[in-house]
Structure formats: structure tokens, C-alpha cells
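Notes follow the structure.
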Amino acid sequence: MKHRLYPKLLAGYILYGLIGFIIIATFTYHLMYDFIEKREASSLYRESAQISSSYAANYFSRSMTLEEIQTQLKTLSSYLSAEIWIVDPKGTIILNTSDSDLFESDETIPGFDVTDFGNRYYRISTFYDHFSADTLSVFSPITVNYKVRGYVIIHKPVSSLVSFANGLASISYQTLVLLFLAAFVVLILFTYVVYIPIRKITKGAAQYAAGNFDARIDIRSNDEIGYLAASLNYMANELHTLEEDQRKFVSNVSHDFRSPLTSIKGYVEAIQDGTIPPEMQDKYLGIILFETERLNKLTKSLLELNKYGSHGIMLDITDFDINYTIRMTVQTFEGICKEKRISFDLILTGEKLYVSADMSKIQQVLYNLIDNAIKFSRTDSAITVETTEKNERIFVSVKDSGIGIPKDSINKIWERFYKTDLSRGKDKKGTGLGLSIVKEIIQAHSENINCISTEGVGTEFIFTLPLAKDQ
């Protein structure tokens, strides 16, 4: 079996980290740099506007000398880490804070045109090839008496912005590492809480598929996975029980069919080859007929029991007189009871007692219980059939004074084909299915049946039926 889930989880974990790195290195970094650029340009523009309205305007109005302005602007330039220029409309640099000499510069910017800034107040370039690297340049016009006398231009290296953006990106990468570690912790927890239990469940399911129902899934968590493991363990136990029942069923069916078939085959061969003389054939043909009837009864019982065990049994629920049904069922045993000198004591509540059940099925229950009681009753004994009403339930009792059932066999008598050791000598015609059919019928009615027995004293079967509502 190939385990592919965990490699997928690891691949997803690594992919998560890789995608996070790519996002920060591209999308996030671009957003950060764009934000820093605009923020820095806005800040420098405010400074340039302040300079143009104060220092530069005072210079052009002759209220401050160039030396005084340069002294002030050098300090500001150092604070801003930028170069501050004052240029005239033709592009001649009047003041440059990066020059050490305090005199007017006659340097002219080749091709200077303020319209190159477009509709923005800043641009990023080498500023007419004056700088060797890209520079953020911000300008503000100097207006005196409503006339533009020049411009204040502040230059700041783009490298400083990149450095600041890299610092923020470094923080983002560190955060990503922490998130990656947190995801690793979650992955470990997922491994122990989900993946390992799933592997145990998968291995257990593979064992069950291979027919090893003794394997158990050792998971004791109180969550959905634990519930699933418990359900699979329960399923395996039920399948194991079913498998054992099937083996036992096949073994019992084979045994119960083999014996009469062997007898039939042996007697037919003996008649055919003349081993049994003609005058004795009627006797052995009777035995063959008896064994054939036994097989027929066994087949019918199996079909009946299979119908009740299919969970699809249909009951024809009606209200009928259970006392009348008991009297009629007892009369069907009149002949065999005379032979064994067995009598019936009917202790019935009221003249009529109506119950709500499937009449034909309850007749079958009574027939099987009474037939069972007759088989194991002693000669010159009595069988008691009693009905009692209690708490809107009718209790029906069939009690004999026969050989009884051993205590260790009480819970087994409902199993298919089960016969106690004491019954094997008497119950030659029994199939071991009668009580199984009885229990299936009573359970189909959602009622109960119990057995009370004392070895050597007798056995009593008691089952319940619902009292008819219109009673």
C-alpha cells in the first residue's frame, strides 16, 4: 500500500513557504516600495514648498543674502539626507547645498525644462545625467509678486529608499519565518492528531479486508476519528461473529442434511441390490419417507428463518382473541397427546382476550412452543398454557414438567441448530430451528420472550404481546 497523503502534506507545507516568499519578494515588496516612494516624495515636497515660500522668496526679494540661505539650507539638507538646489527658470543653479564654497554657482542644467515633471511634483531619474544613479527629485516654484522667479529642487538618492524598503522586507521575511515555524508546529500536531490515526485506520481496514477480524485499531480519542475507529472495531467484531455464525451454520446444516441423506442413500441402495428382502422393504421405505419429511421440514424452517432475519419482514397486525387462538392450537396436538398421555391445563384470563399482533405468526409461535413442550414432557404429565394481563401487556406462558434445560444451555437455546445434550436422545425429528424462529417473530413484534428452566423439573417460556386498544 502506498502512503501518499503525508508527502502531499509536506509538499503543501513547502509550497506554502515558497509562495509566501514569492509574494513578499514581489507583490508585497512592490507595494512597500511604492508606499515609501510616495511618502518620501510628499514629505520632501512639503519641505521644498516651505523653502520656496520663505528662504528662497526672501532671497529674491533681497531680504536675505545667499550666504545666509545656504547656511540654513545646509543644516536642513543634512537633516533630510538630501541635496537642496535653487535654480532660476533657465536652469542655472543659484545654490547647491552640496557645494562647499559659499558663492553663486554659474552651472546650468543642460536641457532643463520644468514641464518634464509632468503633472506630478516629483520624478525619479538621473536628473539630466547630473547624478550617476537614480534620484528622487522634488520641485516647488518660487513665486514673488505672482511671478515665478525660480525653483527649489530637492534630490534624494533612490538607494536610501531601497534600503528602507529592504529593511521592511527583512521584517516581513522574519515574520514569514515565524509563520512557517508556526505552520510546522501545526503540521506536527496534524501528524499526531490526524495523520497517524488515519494510518492506523487504513492498516486496520486493510486487515479487515484481508479477513483478519481479530486486528484492532488502537485509537481512543473522543472526536470524529476516534468514533470512526470505534465503529470500525465494532464492525470487525460483528463481522467476526457473523463469520463464526456462518461457519457454525454451514457445519450444522451439513450435519443435519448429511444424516438423513446418508440413511436414504443407504436404504435405497440396499433395496436396489437386494440386500433388504422384499418382505422388509415396506419398513425401510417408511424410514426413507420419515427422513424425507425430516429434510422437508428442515428446508422449510431454514426458508422461514431466513425470511425473519432479513430485516424486511412484513407483519399483518390485527386485533384477535389470543385465548381462542391458544384453544385452537392446542387441539391440533390432540392425537399425539393421547399417545403420550399428556394433558393441557389452560389458565386463560377472561372468556376473550384481544391482542394486537400478526395472528398467523403468533399461531406459529404457540405451535413451536407447545410442540417443544410435548417433545420433552414425560408420559402422564401436563402442559400449562396461561395468559395474564398486566400494564397493557398480555403475558403468555407455556410450561411443561419435562426434563428441563441445563443452566449453561439457557442462553444458547435461541441459537440456530442448537440442541442440548439432554434433548438429542428425545428430539429425533427436531431441526434446532424452532426456538430461533420463535424469537425472530417475537422480536419482529418489538416484544420479549424469556425462558425459565430447572433441570429435571421442567421449562417455562413466557412471551409478551400488546393488549388491543379497543379491548
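To be explicit about the labels: the chains of the C-alpha cells are called A, B, and onward in the order shown, and within each one the residues are counted from 1, while ligands get numbers from 1 in the order they are shown.
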Do you know which residues are at most 12 Å from Thr275 in chain A counting only C-alpha atoms, after dropping those on the same chain fewer than 6 positions away, and could you put them as a CSV table (one decimal) with all heavy atoms, in the first residue's frame?
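Saved file out-v3.csv follows:
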chain,number,residue,atom,x,y,z
A,266,GLY,N,-28.4,-45.1,1.8
A,266,GLY,CA,-28.0,-46.5,2.2
A,266,GLY,C,-29.2,-47.4,2.0
A,266,GLY,O,-29.0,-48.6,1.5
A,267,TYR,N,-30.4,-47.0,2.4
A,267,TYR,CA,-31.5,-47.9,2.3
A,267,TYR,C,-32.0,-48.1,0.9
A,267,TYR,O,-32.4,-49.2,0.5
A,267,TYR,CB,-32.7,-47.3,3.2
A,267,TYR,CG,-32.5,-47.4,4.7
A,267,TYR,CD1,-32.7,-46.3,5.5
A,267,TYR,CD2,-31.9,-48.6,5.2
A,267,TYR,CE1,-32.5,-46.4,6.8
A,267,TYR,CE2,-31.7,-48.6,6.6
A,267,TYR,CZ,-32.0,-47.5,7.4
A,267,TYR,OH,-31.8,-47.6,8.7
A,268,VAL,N,-31.9,-47.1,0.1
A,268,VAL,CA,-32.3,-47.2,-1.3
A,268,VAL,C,-31.3,-48.2,-2.0
A,268,VAL,O,-31.7,-49.0,-2.8
A,268,VAL,CB,-32.3,-45.8,-2.1
A,268,VAL,CG1,-32.4,-46.0,-3.6
A,268,VAL,CG2,-33.4,-45.0,-1.6
A,269,GLU,N,-30.0,-48.0,-1.8
A,269,GLU,CA,-29.0,-48.9,-2.4
A,269,GLU,C,-29.2,-50.4,-1.9
A,269,GLU,O,-29.1,-51.3,-2.7
A,269,GLU,CB,-27.6,-48.5,-2.0
A,269,GLU,CG,-27.2,-47.2,-2.8
A,269,GLU,CD,-25.8,-46.8,-2.3
A,269,GLU,OE1,-25.3,-47.3,-1.3
A,269,GLU,OE2,-25.2,-45.9,-3.0
A,281,GLN,N,-39.1,-54.5,2.8
A,281,GLN,CA,-38.9,-53.2,2.1
A,281,GLN,C,-39.9,-52.1,2.6
A,281,GLN,O,-39.5,-50.9,2.7
A,281,GLN,CB,-39.0,-53.4,0.6
A,281,GLN,CG,-37.8,-54.1,0.0
A,281,GLN,CD,-38.0,-54.3,-1.5
A,281,GLN,OE1,-38.9,-53.8,-2.1
A,281,GLN,NE2,-37.0,-54.9,-2.1
A,284,TYR,N,-38.4,-50.3,5.6
A,284,TYR,CA,-37.4,-49.3,5.3
A,284,TYR,C,-37.8,-48.2,4.4
A,284,TYR,O,-37.2,-47.1,4.4
A,284,TYR,CB,-36.2,-50.1,4.7
A,284,TYR,CG,-35.5,-50.9,5.7
A,284,TYR,CD1,-35.7,-52.3,5.8
A,284,TYR,CD2,-34.6,-50.4,6.7
A,284,TYR,CE1,-35.1,-53.1,6.7
A,284,TYR,CE2,-34.0,-51.2,7.6
A,284,TYR,CZ,-34.3,-52.5,7.6
A,284,TYR,OH,-33.7,-53.3,8.6
Pick out the residues sitting within 7 Å of Tyr151 in chain A, and hand them over as a list in words; count only C-alpha atoms, and ignore anything fewer than 6 positions along from it in its own chain.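 Here the answer would be Ile86, Val87, Asp88, Phe139, Ser140, Pro141 and Ile142 of chain A.
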Might you pull out every residue within 12 Å of Ser54 in chain A, with only C-alpha atoms counted and same-chain residues fewer than 2 positions away left off, and present them as a PyMOL selection string? chain A and resi 47-52+56-61+63-64+69+72-73+141-144+152
What does the distance between CA of Thr329 in chain A and CA of Phe290 in chain A come to in Å, to one decimal place?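 CA of Phe290 in chain A lies at a distance of 23.8 Å from CA of Thr329 in chain A.
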re CA of Arg378 in chain A and CA of Ile452 in chain A: distance 17.9 Å
Using only C-alpha atoms, find the one residue out of A:Lys74, A:Tyr13, A:Gly458, A:Ile413 that sits nearest to Ile188 in chain A.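 The answer is A:Tyr13, which sits nearest to Ile188 in chain A.
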Picked from range 119-278 of chain A by DSSP as strand (DSSP E), as a PyMOL selection string: chain A and resi 122-125+135-144+147-157
Quick one: of A:Gly402, A:Pro466, A:Gly17, A:Gly167, who's nearest to Thr379 in chain A, counting only C-alpha atoms?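 Answer, going by the shortest atom-to-atom distance: A:Gly402.
In this model, the gap between CA of Ala357 in chain A and CA of Thr464 in chain A comes to 10.6 Å.
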Name the closest residue to Leu15 in chain A among the candidates A:Tyr122, A:Tyr208, A:Phe180, A:Tyr29; distances are taken between atoms, counting only C-alpha atoms.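 Closest to Leu15 in chain A, using only C-alpha atoms: A:Phe180.
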